[in-house]
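Structure file run_13.csv; described as CSV, C-alpha atoms.
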```
chain,number,residue,atom,x,y,z
R,28,MET,CA,34.6,-15.5,-36.9
R,29,ARG,CA,31.3,-17.1,-35.9
R,30,LYS,CA,32.7,-18.0,-32.5
R,31,VAL,CA,33.9,-14.5,-31.9
R,32,PHE,CA,30.5,-13.0,-32.9
R,33,LEU,CA,28.6,-15.5,-30.7
R,34,PHE,CA,31.0,-14.7,-27.7
R,35,ILE,CA,30.3,-11.0,-28.1
R,36,THR,CA,26.6,-11.4,-28.4
R,37,LEU,CA,26.4,-13.6,-25.3
R,38,ASN,CA,28.4,-11.1,-23.3
R,39,PHE,CA,26.1,-8.3,-24.2
R,40,PHE,CA,23.1,-10.4,-23.4
R,41,PHE,CA,24.4,-11.4,-19.9
R,42,LEU,CA,25.5,-7.8,-19.1
R,43,ASN,CA,22.0,-6.5,-20.0
R,44,VAL,CA,20.3,-9.2,-17.9
R,45,ASN,CA,22.7,-8.4,-15.0
R,46,ALA,CA,21.9,-4.6,-15.3
R,47,GLN,CA,18.2,-5.3,-15.2
R,48,GLN,CA,18.5,-7.5,-12.1
R,49,THR,CA,20.6,-4.9,-10.3
R,50,ASP,CA,17.9,-2.2,-11.1
R,51,ALA,CA,15.1,-4.4,-9.8
R,52,GLU,CA,17.1,-5.3,-6.6
R,53,ASN,CA,17.9,-1.6,-6.1
R,54,ASP,CA,14.2,-0.7,-6.5
R,55,TRP,CA,13.2,-3.4,-4.0
R,56,HIS,CA,15.7,-2.1,-1.4
R,57,LEU,CA,14.5,1.5,-1.9
R,58,ILE,CA,10.8,0.4,-1.5
R,59,GLU,CA,11.9,-1.5,1.7
R,60,LYS,CA,13.5,1.6,2.9
R,61,THR,CA,10.4,3.7,2.3
R,62,LEU,CA,8.2,1.1,4.1
R,63,ASN,CA,10.6,0.9,7.1
R,64,LEU,CA,10.5,4.7,7.4
R,65,TYR,CA,6.7,4.3,7.7
R,66,ILE,CA,7.0,1.5,10.2
R,67,ASP,CA,9.5,3.3,12.3
R,68,GLY,CA,7.4,6.4,12.3
R,69,GLN,CA,4.3,4.5,13.3
R,70,ALA,CA,6.3,2.8,16.1
R,71,THR,CA,7.3,6.1,17.7
R,72,GLY,CA,4.5,8.4,16.6
R,73,ASP,CA,6.9,10.4,14.4
R,74,SER,CA,4.7,12.2,11.9
R,75,VAL,CA,7.8,13.5,10.0
R,76,LYS,CA,9.0,10.0,9.3
R,77,VAL,CA,5.5,8.8,8.3
R,78,GLY,CA,4.8,11.9,6.2
R,79,SER,CA,8.1,11.6,4.3
R,80,SER,CA,7.2,8.1,3.2
R,81,PHE,CA,3.9,9.4,1.7
R,82,HIS,CA,3.4,11.1,-1.6
R,83,ASN,CA,1.5,14.4,-1.4
R,84,SER,CA,-1.5,12.8,-3.1
R,85,TRP,CA,-1.6,10.0,-0.4
R,86,GLN,CA,-4.9,8.8,0.9
R,87,LEU,CA,-6.0,6.2,3.5
R,88,LYS,CA,-9.1,4.2,2.6
R,89,TYR,CA,-10.9,1.9,5.1
R,90,LEU,CA,-14.3,0.5,5.8
R,91,GLU,CA,-16.2,1.2,9.0
R,92,GLU,CA,-19.8,0.1,9.6
R,93,ASN,CA,-20.1,-0.7,5.8
R,94,LYS,CA,-19.0,2.8,4.9
R,95,LEU,CA,-15.9,3.6,2.8
R,96,ASN,CA,-13.9,6.3,4.6
R,97,ILE,CA,-11.1,8.4,2.9
R,98,VAL,CA,-8.6,10.3,4.9
R,99,THR,CA,-6.1,12.8,3.3
R,100,LYS,CA,-2.4,13.0,4.2
R,101,ALA,CA,-2.8,16.3,6.1
R,102,LYS,CA,-5.7,15.0,8.2
R,103,TYR,CA,-4.0,11.7,8.9
R,104,LEU,CA,-0.7,13.4,10.0
R,105,SER,CA,-2.6,15.9,12.2
R,106,GLY,CA,-3.6,13.0,14.5
R,107,TYR,CA,0.0,12.4,15.6
R,108,LYS,CA,1.2,13.7,18.9
R,109,ALA,CA,4.9,14.3,19.9
R,110,PRO,CA,7.2,11.4,19.2
R,111,TYR,CA,7.6,8.8,21.9
R,112,THR,CA,9.6,5.7,22.8
R,113,ARG,CA,8.6,2.5,21.0
R,114,SER,CA,6.4,0.2,23.1
R,115,ASN,CA,7.7,-3.3,24.0
R,116,ASN,CA,4.4,-4.9,22.9
R,117,TRP,CA,4.5,-3.2,19.4
R,118,SER,CA,5.9,-4.9,16.3
R,119,GLY,CA,5.8,-4.2,12.6
R,120,ARG,CA,7.0,-6.2,9.6
R,121,ILE,CA,6.9,-6.2,5.8
R,122,VAL,CA,5.0,-9.3,4.6
R,123,PHE,CA,5.7,-8.9,0.9
R,124,ILE,CA,6.7,-6.4,-1.9
R,125,ASP,CA,5.7,-6.8,-5.5
R,126,VAL,CA,7.4,-4.5,-8.1
R,127,THR,CA,6.7,-3.9,-11.8
R,128,ASN,CA,8.8,-1.1,-13.3
R,129,GLY,CA,7.8,2.1,-11.5
R,130,ALA,CA,4.8,0.7,-9.6
R,131,ALA,CA,4.7,-1.5,-6.6
R,132,MET,CA,2.4,-2.9,-3.9
R,133,ALA,CA,3.2,-4.1,-0.4
R,134,LYS,CA,1.6,-5.7,2.6
R,135,VAL,CA,2.7,-4.5,6.1
R,136,GLU,CA,1.5,-5.9,9.5
R,137,ILE,CA,1.6,-3.9,12.7
R,138,SER,CA,0.8,-5.5,15.9
R,139,THR,CA,0.0,-3.7,19.1
R,140,SER,CA,-1.1,-5.1,22.5
R,141,ARG,CA,-4.7,-5.0,21.4
R,142,LEU,CA,-4.9,-4.8,17.6
R,143,LEU,CA,-3.4,-6.3,14.4
R,144,PHE,CA,-3.3,-3.7,11.6
R,145,VAL,CA,-2.9,-5.0,8.1
R,146,ASP,CA,-1.9,-2.3,5.6
R,147,TYR,CA,-1.8,-2.7,1.8
R,148,PHE,CA,0.2,0.0,0.1
R,149,HIS,CA,0.5,1.2,-3.5
R,150,LEU,CA,3.8,2.8,-4.2
R,151,MET,CA,5.1,4.7,-7.2
R,152,LYS,CA,8.6,5.7,-8.3
R,153,THR,CA,9.1,9.4,-8.9
R,154,ASN,CA,12.1,11.5,-9.7
R,155,GLN,CA,12.5,12.0,-5.9
R,156,GLY,CA,12.3,8.2,-5.1
R,157,TRP,CA,9.7,5.7,-4.1
R,158,PHE,CA,6.6,7.0,-2.2
R,159,ILE,CA,3.5,5.4,-0.8
R,160,VAL,CA,0.6,6.8,-2.8
R,161,ASP,CA,-2.3,4.9,-1.2
R,162,LYS,CA,-3.0,2.8,1.9
R,163,ILE,CA,-5.9,0.4,2.4
R,164,SER,CA,-6.1,-0.7,6.0
R,165,ALA,CA,-7.9,-3.3,8.1
R,166,ARG,CA,-7.6,-3.9,11.8
R,167,THR,CA,-8.5,-7.0,13.9
R,168,PRO,CA,-8.6,-7.3,17.7
R,169,HIS,CA,-6.1,-9.9,19.0
R,170,LYS,CA,-7.8,-12.9,20.4
R,171,THR,CA,-7.2,-13.2,24.1
R,172,VAL,CA,-7.7,-16.2,26.2
R,173,GLU,CA,-7.8,-16.5,30.0
R,174,ALA,CA,-5.5,-19.1,31.2
R,175,VAL,CA,-6.8,-21.5,33.9
R,176,THR,CA,-4.3,-21.7,36.7
R,177,ALA,CA,-4.1,-24.7,39.0
R,178,LYS,CA,-5.0,-24.1,42.6
R,179,PRO,CA,-2.4,-25.1,45.1
R,180,LYS,CA,-3.1,-28.2,47.1
R,181,GLU,CA,-4.3,-27.4,50.6
```

Show the structure stored in the file as structure tokens.
Amino acid sequence: MRKVFLFITLNFFFLNVNAQQTDAENDWHLIEKTLNLYIDGQATGDSVKVGSSFHNSWQLKYLEENKLNIVTKAKYLSGYKAPYTRSNNWSGRIVFIDVTNGAAMAKVEISTSRLLFVDYFHLMKTNQGWFIVDKISARTPHKTVEAVTAKPKE
């Protein structure tokens, strides 16, 4: 009887652990989908894609000349023009995602021909899915170096 009880208890334990792992993996993939929607929208200037990854309360925060600037979702999205084709010298990637229950944070890097943007996101899970609720951003110019070319022998 003890063996049967132990067997049943262990089965419930492993089923519960497996269910929790599946939920966490599912959340991770849903967050990744939200972040990729943002990245794809940034790559093509598609304000609809970018806006659908943001919660209505979304804000951008960044420092410029030692001053904290805050931009609302509406003001941020108003700066987009019509969608365009992705540039060849543009790339975006998710660096990491950290999830705890219904809250998450992520780091995304976007590289253009001149600048590297590093975006830190806070995300929250709502009844409608995962949304980016805040963005803190920094940008750095790419270092460029002039290559010395050899002169042909005369």

Students should find that CA of Ser138 in chain R and CA of Lys162 in chain R are spaced 16.7 Å

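The space between CA of Thr153 in chain R and CA of Asn83 in chain R spans 11.8 Å.
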
From CA of Ala131 in chain R to CA of Lys60 in chain R the spacing works out at 13.3 Å

Of the residues R:Thr61, R:Ser118, R:Gln155, R:Asn96, which is the one nearest to Glu136 in chain R, using only C-alpha atoms? R:Ser118

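Considering all atoms listed in the file, the residue among R:Leu142, R:Ala165, R:Ile66, R:Leu57 positioned nearest to Ile121 in chain R is R:Ile66.
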
Using only C-alpha atoms, what residues lie at most 7 Å away from (9.8, 2.0, -6.1) (file coordinates), given as a PyMOL selection string? chain R and resi 54-55+57-58+129-131+150-152+156-157

So, with all atoms listed in the file as the atoms that count, which of R:Lys88, R:Lys100, R:Arg120, R:Arg166 lies closest to Leu62 in chain R? R:Arg120

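Those residues positioned at most 8 Å from (1.6, -3.4, -0.1) are Phe123, Ile124, Asp125, Ala131, Met132, Ala133, Lys134, Val135, Asp146, Tyr147, Phe148, His149, Leu150 and Lys162 of chain R, judged using all atoms listed in the file.
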
Please identify all polymer residues within 9 Å of Gly78 in chain R, counting all atoms listed in the file, omitting same-chain residues fewer than 5 positions from it, and present them as a PyMOL selection string. chain R and resi 65+68+73+83+100-101+104

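Residues in contact range of Ser80 in chain R, defined as at most 7 Å between all atoms listed in the file, with sequence neighbours fewer than 3 positions away removed, read Thr61, Leu64, Tyr65, Lys76, Val77, Phe158 and Ile159 of chain R.
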